[in-house]
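Asks: Mind looking over this structure? Questions follow.
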Amino acid sequence: MRMILLIAAREYAENIKTKGFWVGILLFPLLMLGIIFFQATLADSAPARRYILVDQSGVYEQSVESAIRQEHQRRILQEFVRYLIQYRRESTGAQLTESSARVDNFIDQVEADEVSALDQWLANGGLDYALQLAAPTLRENAPPFMPPREQFVQTQLPPGIDPSADPAQIVEQMRPWLTGQQDLPEGGKLFALIVVPHDVDNDIIRPGPLSPAPTPPELIGRGVQYWGANLTDTRLSSAIDRSINSTMRSNEFADRGIDRQVVRDIERTRLQVSRLDPARAAGDESVSLADTLQQWAPVGFVYLMFISLMQSVQYLLSNTIEEKSNRIIEVLLASVTPLELMMGKLAGIGMSGITTILAWILSFIAFINFYPGAQTEFLQQALVVMMSSELVPWFVFYYLAGYALYSGIFLAIGSLCNTLKEAQGLMMPMMMILMAPLVTMTFIARDPNGEVARIMSWIPMFTPFTMMNRAAAQPPMVDVIGTAIVLLLSIVLVLWLCGKIFRQGVLRTGQPPRLVEILQMLRHRH
Amino acid sequence: MQKNVLELSGVCKKFGAFTAVDDMSFVIPRGSVHGFLGPNGAGKTTTIRMILDILRPDSGTINILGAPAAIGVRHRIGYLPEEKGLYKKMKVWAIISYFATLKGMDRRTAKRRAFELLDTYGLLDFAQAPVESLSKGMGQKVQVLSAVAHAPELVILDEPFSGLDPVNQAVLEQLINDMAANGQTVIFSTHVMQHAERLCDRMLLIAKGRKLFDGTLDEARSLIPRRVLVECQGDLSAVLHDRGILGASELPREGDAPLEQNQHQQHDQKLWEVRIDEGVNPQMILQRCFDNGISLTRFDYTQPTLHDVFVQLVGEGATEGAPERATEGVMESGTKSPTEQQTP
């Protein structure tokens with residue numbers, strides 16, 4: 001036992017001195033910080049995108065404009081609500097998500113003619129007034145509210161281009177601006193050009209008995225034309241799509257003598273769908289955000305487990321290969337038994353894996369506390385759910401079991417190879433096996449007690465991941481206890497067999513053995 | 001306290017079809033320095049690994065420090081393997097101290113001991129340096145120190161001199177002598193006979209997995225007939241019929257032994273090697289030559305060296321066994337045969 005501890009202590013001390021260990025520890029929080037800051041600054045710093053709308057029909061310009069303004073108002077109000085919640089004296093992430101949905105709802109209900117009224121209200125300092133009302137409930141150190149900038153700004157055709165010309169001609173003339181070769185007169189690049197031909201109404205697709213295709217081929221390139229080089233940012237194109245279609249439909253209603261107001265009233269009727277959990281006590285069945293989070297929390301744990309295991313086994317492998325190629329192993333074996341050596345290594349590197357996980361969690365908590373914000377409040381809630389749930393003991397058990405199982409195998413592989421390159425070949429099948437639980441992760445989370453999940457749970461290689469995946473869904477007791485027994489037995493078996501390979505492998509030089517030789521090693525009586 | 005630190009009887013080890021060690025039996029008494037000699041591929045390393053319980057013999061018994069297996073007494077043994085290596089990133093003192101703690105020393109004593117040893121053997125300046133910054137020879141010295149830091153009763157060094165420059169070889173010889181003076185038993189393997197001649201009280205000579213000889217240096221020398229080199233004009237046959245003369249043969253004129261270099265100015269000079277019996281005085285040959293009027297240009301009588309014994313014995317052994325494993329390359333250090341390296 002003393003030997004195991006000595007070896008473990010050395011492995012641990014040497015491991016935490018390596019660069020790789022610190023990269024692993026720091027990468028996670030840095031990544032998290034990076035994502036959040038990047039998102040925030042990216043959204044703020046994105047330049048206003050300029051578009052030109054040429055509406056030869058004269059019908060749709062108004063509605064596109066108001067749709068884009070409405071989008072902007074939605075952002076201002078959402079930001080405002082977020083701001084209020086963030087700097088309120090007491091607030092939770094749940095309130096945030098709920099209120100965000102309410103703002104959405106509110107904006108959706110604003111009529112086109114009301115958009116300008118809201119615009120005016122915003123322009124006349126409506127927000128300042130609202131801010132004054134809210135001030136007493138805000139924290140003292142709250143920074144002033146900064147409304148987001150407009151994302152899309154309409155601009156005019158450059159001088160010399162006739163807006164009433166043939167659409168093809170306009171596009172041809174605009175090509176230098178569309179490809180970004182030429183800047184707009186007021187500066188900046190052109191983001192998109194939308195051309196609505198004067199006879200656009202002839203291109204309206206109407207339902208017919210024989211029109212299964214959504215866009216008949218002869219209509220491609222007709223209708224409203226949206227020209228833009230940026231294919232990934234679809235916010236403008238979809239806003240235009242929505243607003244033009246909604247205007248077109250209103251006009252259709254009018255043409256057919258249907259009262260638009262009646263249609264709107266009908267469109268706004270809705271029926272609530274309440275999500276209820278049968279496992280909960282009466283009166284407490286409604287599914288909250290926290291419940292959903294809890295259902296998905298195992299996926300987070302599986303991820304954590306996977307990343308940490310990968311890191312540990314890789315280190316174990318390279319470390320064994322180093323000892324082997326340096327022939328240190330022989331000195332060690334003159335002092336300790338192969339089993340002690342193996343166990344010491346497993347323990348030492350396992351400890352550094354646990355250190356990494358603890359460091360991640362600590363940095364996560366520190367991050368949430370030192371950088372309060374809307375995103376972190378959500379993360380905090382997720383963390384509280386994860387930590388307070390009964391999932392933590394499951395995670396500890398399955399993490400340790402998974403580590404023991406896989407590390408033994410990787411240690412045996414390491415003992416057979418002299419270089420990492422040689423190890424690649426033997427590692428491939430193991431990597432494939434390790435990928436399987438990751439690939440099926442979301443699928444199992446959706447159907448935690450389904451057949452696939454149950455079958456995978458009984459395969460020892462997958463048990464730690466799959467059972468962790470299922471942990472929140474009250475898997476049947478048979479599965480929990482049965483798989484745990486199978487898992488523990490397999491760990492004993494695998495460690496015993498790997499101990500044999502390890503013992504014979506570490507003294508070997510030359511090429512890694514073929515499969516037949518490995519089988520011979522397993523049969524060897526020492 | 002047992003009289004013998006090590007007893008092997010009938011130890012065999014096979015790797016597949018290849019017999020690495022065949023019916024090895026010997027005892028090593030406590031105290032003094034023992035050489036473990038043999039050509040490459042003779043089974044030295046395999047025998048040492050079995051002694052240390054890193055490999056298990058197929059048959060036969062080993063008794064080490066009174067225990068049936070080294071694992072029970074491993075704290076009393078120090079071992080330097082043939083292929084040297086250390087953790088590259090560790091500090092010099094830390095690695096010596098780590099191996100000492102693995103041998104049962106407590107941490108504080110181990111650290112103190114590491115610094116003592118480094119001081120004694122001239123490496124104190126490097127105590128805080130990482131192993132990877134050392135030269136190969138220095139690294140090897142550090143490894144020797146880490147093998148003996150816990151002051152073991154029995155020290156087994158596998159090829160400790162290979163790769164060291166003459167100055168460091170002298171330092172290592174000093175270390176071995178120090179340990180012997182301290183009452184520790186030292187076994188070291190080598191194929192450089194000068195080291196064995198200088199250091200060993202007793203020696204064990206093995207080839208092809210078999211023991212060829214086990215005894216003191218003098219006993220080894222007496223194994224082969226003493227020889228006298230005689231250079232003269234004409235025939236020597238007149239003196240060769242006496243009792244005590246075992247035989248004579250003419251040596252090639254431009255022999256490869258350094259003694260004969262540049263000795264044959266005259267064309268009809270012949271060089272003879274005369275083998276004489278144990279109890280015969282070499283002076284007798286001189287007397288006979290004088291009596292027969294043979295004029296000698298050279299008369300050379302030397303004690304046989306261990307080198308001669310080795311070549312003679314190993315040469316015989318090689319012809320007995322499989323001819324393809326001849327003695328070529330015996331005295332070369334460096335590459336080992338694949339069979340001994342590969343230990344399945």
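Just so we're on the same page: first chain in the structure tokens is A, next is B, and so on; residues restart at 1 for each chain, and ligands are numbered from 1 in the order they show up.
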Restrict the distance test to only C-alpha atoms, flag each residue of chain B within 9 Å of chain A, and return the flagged residues as a PyMOL selection string.
Replies: chain B and resi 49+52-56+70-71+74-75+77-81+83-90+98-99+101-104+147+338+341-344
Asks: Set the distance at 10 Å and use only C-alpha atoms: which residues neighbour A:Leu184 once local chain neighbours fewer than 4 positions away are removed? I'd like the list as a PyMOL selection string.
Replies: chain A and resi 50+155-158+177+180+188-190
Asks: With distances taken over only C-alpha atoms, which residue among B:Ile276, B:Val27, B:Val171, B:Ile245 lies nearest B:Lys3?
Replies: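 Of B:Ile276, B:Val27, B:Val171, B:Ile245, the one nearest B:Lys3 is B:Val27, counting only C-alpha atoms.
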Asks: Determine which residues of stretch 116-316 of chain A DSSP labels as helix (DSSP H, G or I) from the backbone of this structure, then write them out as a compact mmCIF listing (two decimals) with N, CA and C atoms, in the first residue's frame.
Replies:
# COMPACT_ATOMS: atom_id res chain seq x y z
N SER A 116 -45.23 52.43 -35.45
CA SER A 116 -44.70 53.79 -35.48
C SER A 116 -44.97 54.49 -34.15
N ALA A 117 -46.09 54.14 -33.52
CA ALA A 117 -46.39 54.74 -32.23
C ALA A 117 -45.35 54.33 -31.20
N LEU A 118 -45.00 53.05 -31.21
CA LEU A 118 -43.99 52.53 -30.28
C LEU A 118 -42.64 53.19 -30.58
N ASP A 119 -42.42 53.35 -31.88
CA ASP A 119 -41.21 54.02 -32.33
C ASP A 119 -41.12 55.41 -31.73
N GLN A 120 -42.24 56.10 -31.86
CA GLN A 120 -42.30 57.46 -31.37
C GLN A 120 -42.07 57.49 -29.85
N TRP A 121 -42.71 56.52 -29.20
CA TRP A 121 -42.58 56.46 -27.73
C TRP A 121 -41.11 56.26 -27.36
N LEU A 122 -40.46 55.38 -28.09
CA LEU A 122 -39.04 55.13 -27.82
C LEU A 122 -38.22 56.38 -28.11
N ALA A 123 -38.55 57.02 -29.25
CA ALA A 123 -37.80 58.21 -29.65
C ALA A 123 -37.99 59.34 -28.65
N GLY A 126 -39.26 57.37 -24.00
CA GLY A 126 -40.12 56.45 -23.24
C GLY A 126 -39.31 55.55 -22.34
N LEU A 127 -38.16 55.13 -22.83
CA LEU A 127 -37.32 54.22 -22.05
C LEU A 127 -36.78 54.92 -20.81
N ASP A 128 -36.37 56.20 -20.99
CA ASP A 128 -35.84 56.94 -19.83
C ASP A 128 -36.90 57.01 -18.74
N TYR A 129 -38.12 57.22 -19.20
CA TYR A 129 -39.22 57.32 -18.25
C TYR A 129 -39.40 55.99 -17.52
N ALA A 130 -39.37 54.92 -18.30
CA ALA A 130 -39.52 53.58 -17.71
C ALA A 130 -38.36 53.30 -16.76
N LEU A 131 -37.18 53.77 -17.14
CA LEU A 131 -35.99 53.56 -16.31
C LEU A 131 -36.15 54.27 -14.97
N GLN A 132 -36.70 55.48 -15.04
CA GLN A 132 -36.92 56.24 -13.81
C GLN A 132 -37.88 55.49 -12.88
N LEU A 133 -38.89 54.92 -13.49
CA LEU A 133 -39.87 54.17 -12.69
C LEU A 133 -39.19 52.96 -12.04
N ALA A 134 -38.28 52.34 -12.79
CA ALA A 134 -37.67 51.10 -12.31
C ALA A 134 -36.52 51.37 -11.34
N ALA A 135 -35.97 52.59 -11.38
CA ALA A 135 -34.74 52.90 -10.63
C ALA A 135 -34.75 52.43 -9.17
N PRO A 136 -35.80 52.63 -8.42
CA PRO A 136 -35.73 52.23 -7.00
C PRO A 136 -35.49 50.74 -6.78
N THR A 137 -35.89 49.92 -7.74
CA THR A 137 -35.71 48.48 -7.53
C THR A 137 -34.36 48.00 -8.02
N PRO A 167 -35.54 45.03 -63.50
CA PRO A 167 -34.79 44.47 -62.35
C PRO A 167 -33.43 43.91 -62.73
N ALA A 168 -33.38 43.19 -63.85
CA ALA A 168 -32.10 42.59 -64.25
C ALA A 168 -31.05 43.67 -64.48
N GLN A 169 -31.51 44.80 -65.03
CA GLN A 169 -30.57 45.89 -65.31
C GLN A 169 -30.07 46.52 -64.00
N ILE A 170 -31.01 46.70 -63.06
CA ILE A 170 -30.61 47.29 -61.77
C ILE A 170 -29.55 46.42 -61.11
N VAL A 171 -29.82 45.11 -61.12
CA VAL A 171 -28.88 44.19 -60.46
C VAL A 171 -27.52 44.27 -61.15
N GLU A 172 -27.55 44.33 -62.48
CA GLU A 172 -26.31 44.41 -63.25
C GLU A 172 -25.53 45.65 -62.86
N GLN A 173 -26.25 46.79 -62.75
CA GLN A 173 -25.57 48.05 -62.42
C GLN A 173 -25.06 48.04 -60.98
N MET A 174 -25.78 47.31 -60.10
CA MET A 174 -25.41 47.31 -58.68
C MET A 174 -24.29 46.32 -58.36
N ARG A 175 -23.90 45.53 -59.35
CA ARG A 175 -22.96 44.44 -59.08
C ARG A 175 -21.70 44.88 -58.31
N PRO A 176 -21.05 46.00 -58.69
CA PRO A 176 -19.84 46.39 -57.92
C PRO A 176 -20.13 46.56 -56.43
N TRP A 177 -21.32 47.05 -56.10
CA TRP A 177 -21.64 47.27 -54.68
C TRP A 177 -21.98 45.94 -54.02
N LEU A 178 -22.69 45.08 -54.80
CA LEU A 178 -23.10 43.79 -54.23
C LEU A 178 -21.90 42.90 -53.93
N VAL A 200 -44.85 41.91 -59.53
CA VAL A 200 -44.54 40.80 -58.63
C VAL A 200 -45.78 39.99 -58.27
N ASP A 201 -46.92 40.65 -58.26
CA ASP A 201 -48.14 39.94 -57.84
C ASP A 201 -48.51 38.81 -58.79
N ASN A 202 -47.98 38.88 -60.03
CA ASN A 202 -48.26 37.78 -60.96
C ASN A 202 -47.54 36.50 -60.56
N ASP A 203 -46.52 36.65 -59.71
CA ASP A 203 -45.72 35.49 -59.34
C ASP A 203 -46.21 34.82 -58.07
N PRO A 217 -40.17 25.27 -60.70
CA PRO A 217 -38.86 25.67 -61.24
C PRO A 217 -38.93 26.94 -62.08
N GLU A 218 -40.03 27.13 -62.78
CA GLU A 218 -40.07 28.31 -63.66
C GLU A 218 -40.15 29.60 -62.85
N LEU A 219 -40.44 29.50 -61.55
CA LEU A 219 -40.57 30.71 -60.74
C LEU A 219 -39.29 31.06 -59.98
N ARG A 235 -31.18 36.89 -40.99
CA ARG A 235 -32.19 37.66 -40.25
C ARG A 235 -32.95 38.62 -41.17
N LEU A 236 -32.20 39.31 -42.04
CA LEU A 236 -32.85 40.28 -42.92
C LEU A 236 -33.74 39.58 -43.93
N SER A 237 -33.19 38.54 -44.54
CA SER A 237 -33.98 37.87 -45.58
C SER A 237 -35.25 37.26 -44.99
N SER A 238 -35.17 36.73 -43.78
CA SER A 238 -36.40 36.14 -43.24
C SER A 238 -37.37 37.22 -42.79
N ALA A 239 -36.85 38.35 -42.28
CA ALA A 239 -37.77 39.44 -41.92
C ALA A 239 -38.51 39.92 -43.15
N ILE A 240 -37.79 40.02 -44.26
CA ILE A 240 -38.42 40.47 -45.50
C ILE A 240 -39.43 39.45 -45.98
N ASP A 241 -39.03 38.21 -45.93
CA ASP A 241 -39.92 37.13 -46.33
C ASP A 241 -41.24 37.21 -45.54
N ARG A 242 -41.10 37.32 -44.20
CA ARG A 242 -42.29 37.36 -43.34
C ARG A 242 -43.17 38.57 -43.65
N SER A 243 -42.53 39.76 -43.71
CA SER A 243 -43.34 40.98 -43.83
C SER A 243 -44.02 41.05 -45.20
N ILE A 244 -43.30 40.70 -46.25
CA ILE A 244 -43.90 40.79 -47.58
C ILE A 244 -45.05 39.80 -47.70
N ASN A 245 -44.84 38.60 -47.18
CA ASN A 245 -45.90 37.61 -47.26
C ASN A 245 -47.11 38.00 -46.44
N SER A 246 -46.84 38.59 -45.26
CA SER A 246 -47.99 38.97 -44.43
C SER A 246 -48.78 40.10 -45.10
N THR A 247 -48.08 41.07 -45.71
CA THR A 247 -48.77 42.16 -46.41
C THR A 247 -49.55 41.60 -47.60
N MET A 248 -48.87 40.71 -48.33
CA MET A 248 -49.51 40.12 -49.49
C MET A 248 -50.78 39.40 -49.09
N ARG A 249 -50.73 38.70 -47.96
CA ARG A 249 -51.92 37.96 -47.50
C ARG A 249 -53.02 38.92 -47.06
N SER A 250 -52.64 40.02 -46.36
CA SER A 250 -53.67 40.98 -45.97
C SER A 250 -54.39 41.49 -47.20
N ASN A 251 -53.56 41.80 -48.23
CA ASN A 251 -54.17 42.31 -49.45
C ASN A 251 -55.10 41.26 -50.07
N GLU A 252 -54.70 40.03 -50.01
CA GLU A 252 -55.54 38.95 -50.54
C GLU A 252 -56.87 38.90 -49.80
N PHE A 253 -56.76 39.01 -48.43
CA PHE A 253 -58.00 39.01 -47.64
C PHE A 253 -58.92 40.13 -48.11
N ALA A 254 -58.31 41.32 -48.28
CA ALA A 254 -59.10 42.47 -48.69
C ALA A 254 -59.74 42.21 -50.06
N ASP A 255 -58.92 41.67 -51.01
CA ASP A 255 -59.43 41.41 -52.35
C ASP A 255 -60.61 40.46 -52.33
N ARG A 260 -60.00 41.85 -42.42
CA ARG A 260 -58.64 41.61 -41.91
C ARG A 260 -58.64 41.48 -40.39
N GLN A 261 -59.45 42.31 -39.75
CA GLN A 261 -59.48 42.30 -38.29
C GLN A 261 -59.95 40.95 -37.76
N VAL A 262 -60.97 40.39 -38.46
CA VAL A 262 -61.48 39.07 -38.05
C VAL A 262 -60.35 38.04 -38.13
N VAL A 263 -59.61 38.10 -39.23
CA VAL A 263 -58.52 37.14 -39.41
C VAL A 263 -57.51 37.28 -38.28
N ARG A 264 -57.13 38.53 -37.98
CA ARG A 264 -56.15 38.75 -36.91
C ARG A 264 -56.64 38.21 -35.58
N ASP A 265 -57.94 38.48 -35.32
CA ASP A 265 -58.50 38.00 -34.05
C ASP A 265 -58.42 36.47 -33.99
N ILE A 266 -58.76 35.87 -35.13
CA ILE A 266 -58.73 34.39 -35.14
C ILE A 266 -57.29 33.90 -34.96
N GLU A 267 -56.35 34.61 -35.64
CA GLU A 267 -54.95 34.18 -35.54
C GLU A 267 -54.41 34.26 -34.12
N ARG A 268 -54.97 35.15 -33.33
CA ARG A 268 -54.42 35.33 -31.98
C ARG A 268 -55.03 34.38 -30.94
N LEU A 289 -38.50 25.21 -15.82
CA LEU A 289 -37.21 25.22 -16.50
C LEU A 289 -36.21 24.33 -15.77
N ALA A 290 -36.27 24.43 -14.42
CA ALA A 290 -35.33 23.65 -13.62
C ALA A 290 -35.51 22.15 -13.88
N ASP A 291 -36.78 21.74 -14.05
CA ASP A 291 -37.04 20.32 -14.30
C ASP A 291 -36.42 19.90 -15.63
N THR A 292 -36.61 20.74 -16.62
CA THR A 292 -36.03 20.42 -17.93
C THR A 292 -34.52 20.33 -17.82
N LEU A 293 -33.98 21.30 -17.08
CA LEU A 293 -32.52 21.30 -16.90
C LEU A 293 -32.07 20.01 -16.25
N GLN A 294 -32.83 19.60 -15.25
CA GLN A 294 -32.43 18.40 -14.52
C GLN A 294 -32.47 17.18 -15.43
N GLN A 295 -33.46 17.18 -16.32
CA GLN A 295 -33.56 16.07 -17.24
C GLN A 295 -32.34 16.01 -18.16
N TRP A 296 -31.84 17.19 -18.49
CA TRP A 296 -30.70 17.24 -19.42
C TRP A 296 -29.35 17.25 -18.71
N ALA A 297 -29.38 17.42 -17.39
CA ALA A 297 -28.12 17.51 -16.64
C ALA A 297 -27.22 16.29 -16.87
N PRO A 298 -27.78 15.06 -16.91
CA PRO A 298 -26.90 13.90 -17.13
C PRO A 298 -26.04 14.04 -18.38
N VAL A 299 -26.58 14.67 -19.40
CA VAL A 299 -25.80 14.84 -20.63
C VAL A 299 -24.54 15.65 -20.32
N GLY A 300 -24.73 16.69 -19.49
CA GLY A 300 -23.58 17.48 -19.08
C GLY A 300 -22.56 16.62 -18.35
N PHE A 301 -23.07 15.77 -17.46
CA PHE A 301 -22.16 14.90 -16.71
C PHE A 301 -21.44 13.92 -17.63
N VAL A 302 -22.16 13.38 -18.59
CA VAL A 302 -21.53 12.43 -19.52
C VAL A 302 -20.40 13.14 -20.28
N TYR A 303 -20.68 14.35 -20.67
CA TYR A 303 -19.68 15.14 -21.39
C TYR A 303 -18.43 15.34 -20.53
N LEU A 304 -18.68 15.77 -19.30
CA LEU A 304 -17.60 16.02 -18.36
C LEU A 304 -16.77 14.76 -18.18
N MET A 305 -17.47 13.65 -18.02
CA MET A 305 -16.84 12.36 -17.81
C MET A 305 -15.97 12.01 -19.01
N PHE A 306 -16.55 12.20 -20.19
CA PHE A 306 -15.84 11.84 -21.42
C PHE A 306 -14.56 12.66 -21.56
N ILE A 307 -14.69 13.97 -21.38
CA ILE A 307 -13.52 14.83 -21.58
C ILE A 307 -12.44 14.49 -20.56
N SER A 308 -12.86 14.32 -19.31
CA SER A 308 -11.88 14.06 -18.28
C SER A 308 -11.21 12.69 -18.48
N LEU A 309 -12.02 11.69 -18.87
CA LEU A 309 -11.45 10.36 -19.09
C LEU A 309 -10.45 10.38 -20.23
N MET A 310 -10.83 11.06 -21.31
CA MET A 310 -9.94 11.15 -22.46
C MET A 310 -8.61 11.72 -22.04
N GLN A 311 -8.67 12.80 -21.27
CA GLN A 311 -7.45 13.47 -20.83
C GLN A 311 -6.60 12.51 -20.00
N SER A 312 -7.25 11.84 -19.05
CA SER A 312 -6.49 10.98 -18.14
C SER A 312 -5.87 9.80 -18.87
N VAL A 313 -6.66 9.12 -19.69
CA VAL A 313 -6.12 7.91 -20.32
C VAL A 313 -5.00 8.27 -21.29
N GLN A 314 -5.13 9.40 -21.95
CA GLN A 314 -4.06 9.81 -22.85
C GLN A 314 -2.77 10.02 -22.07
N TYR A 315 -2.91 10.67 -20.93
CA TYR A 315 -1.72 10.93 -20.13
C TYR A 315 -1.12 9.63 -19.64
N LEU A 316 -1.98 8.74 -19.20
CA LEU A 316 -1.55 7.43 -18.69
C LEU A 316 -0.75 6.70 -19.76
Asks: Which of these residues is nearest to B:Pro304, using only C-alpha atoms: B:Ser135, B:Ser189, B:Ser222, B:Asn292?
Replies: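 Of all the options, B:Ser222 lies closest to B:Pro304.
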Asks: Mind checking which residues fall within 12 Å of stretch 307-309 of chain B, counting only C-alpha atoms, ignoring those fewer than 6 positions away in the same chain, and posting them as a ChimeraX atom specification?
Replies: /B:37-39,191-197,203,205,212-213,217-227,257,315-316,330-331
Asks: Could you please take those selected residues and save C-alpha atoms as a tab-separated table (two decimals), in the first residue's frame?
Replies:
chain	number	residue	atom	x	y	z
B	37	LEU	CA	31.06	-12.32	-16.99
B	38	GLY	CA	29.91	-13.55	-20.32
B	39	PRO	CA	29.56	-12.57	-23.95
B	191	HIS	CA	32.24	-7.99	-20.64
B	192	VAL	CA	35.24	-5.77	-20.03
B	193	MET	CA	37.73	-8.09	-18.35
B	194	GLN	CA	39.96	-5.37	-16.95
B	195	HIS	CA	37.21	-4.21	-14.63
B	196	ALA	CA	36.57	-7.72	-13.44
B	197	GLU	CA	40.30	-8.31	-12.94
B	203	MET	CA	33.74	-14.34	-10.70
B	205	LEU	CA	31.61	-16.90	-16.22
B	212	LEU	CA	31.38	-22.15	-17.41
B	213	PHE	CA	33.30	-21.19	-14.34
B	217	LEU	CA	40.68	-14.90	-10.22
B	218	ASP	CA	43.59	-17.24	-9.50
B	219	GLU	CA	41.40	-20.26	-9.96
B	220	ALA	CA	40.29	-18.83	-13.27
B	221	ARG	CA	43.84	-18.31	-14.41
B	222	SER	CA	44.77	-21.86	-13.51
B	223	LEU	CA	42.06	-23.12	-15.82
B	224	ILE	CA	44.15	-22.64	-18.88
B	225	PRO	CA	47.72	-23.87	-19.32
B	226	ARG	CA	50.46	-21.38	-18.81
B	227	ARG	CA	52.25	-20.50	-21.98
B	257	ALA	CA	48.41	-10.02	-30.44
B	315	GLY	CA	35.49	-20.29	-27.47
B	316	GLU	CA	35.19	-23.88	-26.28
B	330	VAL	CA	32.19	-11.25	-27.98
B	331	MET	CA	34.39	-8.45	-26.88
Asks: Can you tell me which residues surround A:Val54 at a distance of at most 10 Å, considering only C-alpha atoms, apart from same-chain residues fewer than 2 positions away, and format the answer as an mmCIF file with N, CA and C atoms, in the first residue's frame?
Replies:
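Result saved to part.cif:
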data_model
loop_
_atom_site.group_PDB
_atom_site.id
_atom_site.type_symbol
_atom_site.label_atom_id
_atom_site.label_comp_id
_atom_site.auth_asym_id
_atom_site.auth_seq_id
_atom_site.Cartn_x
_atom_site.Cartn_y
_atom_site.Cartn_z
ATOM 1 N N TYR A 51 -29.010 48.060 -46.390
ATOM 2 C CA TYR A 51 -29.672 47.370 -47.478
ATOM 3 C C TYR A 51 -30.426 48.377 -48.336
ATOM 4 N N ILE A 52 -30.684 47.991 -49.562
ATOM 5 C CA ILE A 52 -31.441 48.858 -50.479
ATOM 6 C C ILE A 52 -32.679 48.101 -50.901
ATOM 7 N N GLN A 56 -40.713 48.325 -56.881
ATOM 8 C CA GLN A 56 -41.356 48.892 -58.076
ATOM 9 C C GLN A 56 -42.863 48.763 -57.997
ATOM 10 N N SER A 57 -43.341 47.815 -57.200
ATOM 11 C CA SER A 57 -44.786 47.636 -57.076
ATOM 12 C C SER A 57 -45.390 48.691 -56.152
ATOM 13 N N GLY A 58 -44.568 49.234 -55.244
ATOM 14 C CA GLY A 58 -45.053 50.257 -54.335
ATOM 15 C C GLY A 58 -45.936 49.732 -53.226
ATOM 16 N N TYR A 60 -45.077 46.995 -50.988
ATOM 17 C CA TYR A 60 -44.472 46.279 -49.866
ATOM 18 C C TYR A 60 -43.450 47.081 -49.072
ATOM 19 N N GLU A 61 -42.984 48.184 -49.623
ATOM 20 C CA GLU A 61 -41.904 48.906 -48.968
ATOM 21 C C GLU A 61 -42.246 49.245 -47.522
ATOM 22 N N GLN A 156 -30.313 54.425 -49.866
ATOM 23 C CA GLN A 156 -30.849 54.679 -51.202
ATOM 24 C C GLN A 156 -29.917 54.146 -52.279
ATOM 25 N N LEU A 157 -30.493 53.971 -53.461
ATOM 26 C CA LEU A 157 -29.672 53.557 -54.596
ATOM 27 C C LEU A 157 -28.617 54.632 -54.874
ATOM 28 N N ASP A 162 -31.421 54.044 -62.146
ATOM 29 C CA ASP A 162 -32.860 54.324 -62.252
ATOM 30 C C ASP A 162 -33.641 53.236 -61.521
ATOM 31 N N PRO A 163 -34.373 53.617 -60.475
ATOM 32 C CA PRO A 163 -35.110 52.598 -59.712
ATOM 33 C C PRO A 163 -36.254 51.975 -60.505
ATOM 34 N N SER A 164 -36.650 52.600 -61.620
ATOM 35 C CA SER A 164 -37.777 52.032 -62.356
ATOM 36 C C SER A 164 -37.307 51.174 -63.545
ATOM 37 N N PRO A 167 -35.539 45.029 -63.504
ATOM 38 C CA PRO A 167 -34.791 44.474 -62.348
ATOM 39 C C PRO A 167 -33.434 43.907 -62.731
ATOM 40 N N ILE A 170 -31.006 46.701 -63.061
ATOM 41 C CA ILE A 170 -30.613 47.286 -61.768
ATOM 42 C C ILE A 170 -29.545 46.415 -61.114
ATOM 43 N N LEU A 193 -29.439 43.748 -51.528
ATOM 44 C CA LEU A 193 -30.305 44.523 -52.419
ATOM 45 C C LEU A 193 -31.568 43.709 -52.629
ATOM 46 N N ILE A 194 -32.714 44.348 -52.333
ATOM 47 C CA ILE A 194 -33.973 43.642 -52.511
ATOM 48 C C ILE A 194 -34.740 44.349 -53.625
ATOM 49 N N VAL A 195 -35.093 43.580 -54.625
ATOM 50 C CA VAL A 195 -35.833 44.164 -55.746
ATOM 51 C C VAL A 195 -37.220 43.524 -55.791
ATOM 52 N N VAL A 196 -38.237 44.373 -55.721
ATOM 53 C CA VAL A 196 -39.609 43.879 -55.867
ATOM 54 C C VAL A 196 -40.100 44.374 -57.223
ATOM 55 N N PRO A 197 -40.163 43.513 -58.244
ATOM 56 C CA PRO A 197 -40.584 43.963 -59.581
ATOM 57 C C PRO A 197 -42.031 44.478 -59.553
ATOM 58 N N HIS A 198 -42.373 45.350 -60.521
ATOM 59 C CA HIS A 198 -43.709 45.964 -60.477
ATOM 60 C C HIS A 198 -44.799 44.933 -60.707
ATOM 61 N N GLN A 225 -36.771 39.532 -55.292
ATOM 62 C CA GLN A 225 -35.376 39.090 -55.419
ATOM 63 C C GLN A 225 -34.561 39.667 -54.275
#
